[in-house]
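> Take this structure first; my questions come after.
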Amino acid sequence: MKLIDRIFRAFTIVAVCMALVVPCLAQRKITPVKTRPGTGGVVEQPETVDPKANLAERRDAEGHVVFVDTVTGQEWVDTTLVKKDKSMIYPLLESVTVGVNVWDPVMRILGSDYGIGDVWAELSLHNRYKPVVEFGLGACDITPDGQNYTFHSPMAPYFKIGINYNFLYNNNPRYQLYAGIRYGFTPFKYQVKNVTMSPGYWDDPVEFSIPSQSASAGYFEFLAGLRVDIFKSISLGWSVKYHAVLHESAAPYGKPMYIPGFGKRGTAFTGSFSISYTIPLNKKPDPAVNTETGERIE
């Protein structure tokens with residue numbers, strides 16, 4: 001019983017202490033406020049400062065909001081309103097380029113017996129995507145070594161359409177590294193002349209020709225190339241092409257060995273060398289670019 005009485009007394013003492021201490025701890029502290037002399041005891045209210053009181057706004061040439069501190073004269077751009085596009089920093093209609101492919105004329109000078117040349121035009125979208133159209137003329141007069149015939153195809157047109165992708169789209173447009181695809185089509189004629197057969201019954205060689213045939217063919221090209229500006233807007237470009245025939249008209253005397261714009265059948269790879277001139281569609285100077293982040297430097 002004595003132990004129980006002691007425990008009861010201890011709990012009673014703790015309860016009384018808590019009843020006296022807790023209200024003191026919960027009492028709210030009041031910070032004294034000084035009154036301004038002559039105000040009749042009216043409490044002085046703290047002054048509020050408008051953080052924009054010394055700021056003025058204006059817009060720069062690109063339409064960005066610029067804050068100006070009228071006290072210090074410091075300026076900064078409101079970056080929350082600036083649209084950042086890391087993928088394409090050039091405008092949609094960046095430029096138009098026209099060029100001439102001098103590969104075939106050079107090859108003819110060096111002894112090739114087919115090809116004439118072509119011209120092309122390219123529209124630059126964001127300096128990244130480059131739709132291309134081409135028009136050219138082709139002809140050939142081939143007598144294969146060790147063969148007894150001559151394959152002749154008079155001058156015929158060919159057309160190509162496709163697109164290039166510039167891997168250096170966030171860099172200076174004067175330097176381009178690209179890959180592309182083309183679809184080509186041509187209607188043309190051809191004939192085989194001076195076909196000589198082995199001696200006949202009277203030991204005389206037999207000669208004949210296959211008459212002119214009308215034909216058409218479609219083909220595709222994959223290419224990779226490089227273009228470099230050498231003087232103002234004049235550029236030189238090189239490319240390597242892989243191509244294959246997609247479809248062609250029926251050939252009762254055998255498939256033609258040459259197709260305008262494609263070249264000799266059986267040759268999977270070819271090349272091109274072009275001289276071009278670029279007409280800018282955006283008159284603004286090229287933006288400075290951070291080469292590490294790819295962002296435009298304002």
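In the structure tokens, chains take letters A, B, ... by order of appearance, with residues numbered from 1 within each chain and ligands from 1 in the order shown.
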Identify all residues of region 80-129 of chain A in helix (DSSP H, G or I) (DSSP on the backbone) and supply them as a count of residues only.
9
> From the list A:Tyr183, A:Phe67, A:Trp103, A:Tyr277, which residue is nearest Arg227 (chain A) when using only C-alpha atoms?
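Of A:Tyr183, A:Phe67, A:Trp103, A:Tyr277, the one nearest Arg227 (chain A) is A:Tyr277, counting only C-alpha atoms.
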> I'd like the contact shell of Val119 (chain A) - 10 Å cut-off, only C-alpha atoms, skipping same-chain residues fewer than 6 positions apart - returned as a compact mmCIF listing (two decimals) with C-alpha atoms, in the first residue's frame.

```
# COMPACT_ATOMS: atom_id res chain seq x y z
CA VAL A 98 21.11 26.38 -107.62
CA GLY A 99 23.93 24.34 -109.08
CA VAL A 100 25.32 22.48 -112.05
CA ASN A 101 26.79 18.99 -111.93
CA VAL A 102 30.00 19.02 -113.97
CA VAL A 133 14.93 18.76 -107.83
CA GLU A 134 17.23 17.92 -110.76
CA PHE A 135 16.98 18.06 -114.53
CA GLY A 136 19.57 16.67 -116.91
CA LEU A 137 20.38 15.29 -120.32
CA SER A 274 28.94 20.40 -108.47
CA ILE A 275 29.40 24.15 -108.55
CA SER A 276 26.56 26.03 -106.86
```
> Might you pull out every residue within 12 Å of Ala250 (chain A), with only C-alpha atoms counted and same-chain residues fewer than 3 positions away left off, and present them as number ranges by chain?
A: 213-217, 247, 253-256
> Could you state the separation of CA of Lys189 (chain A) and CA of Val132 (chain A) in Å, given to one decimal place?
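Calculated distance between CA of Lys189 (chain A) and CA of Val132 (chain A) is 26.4 Å.
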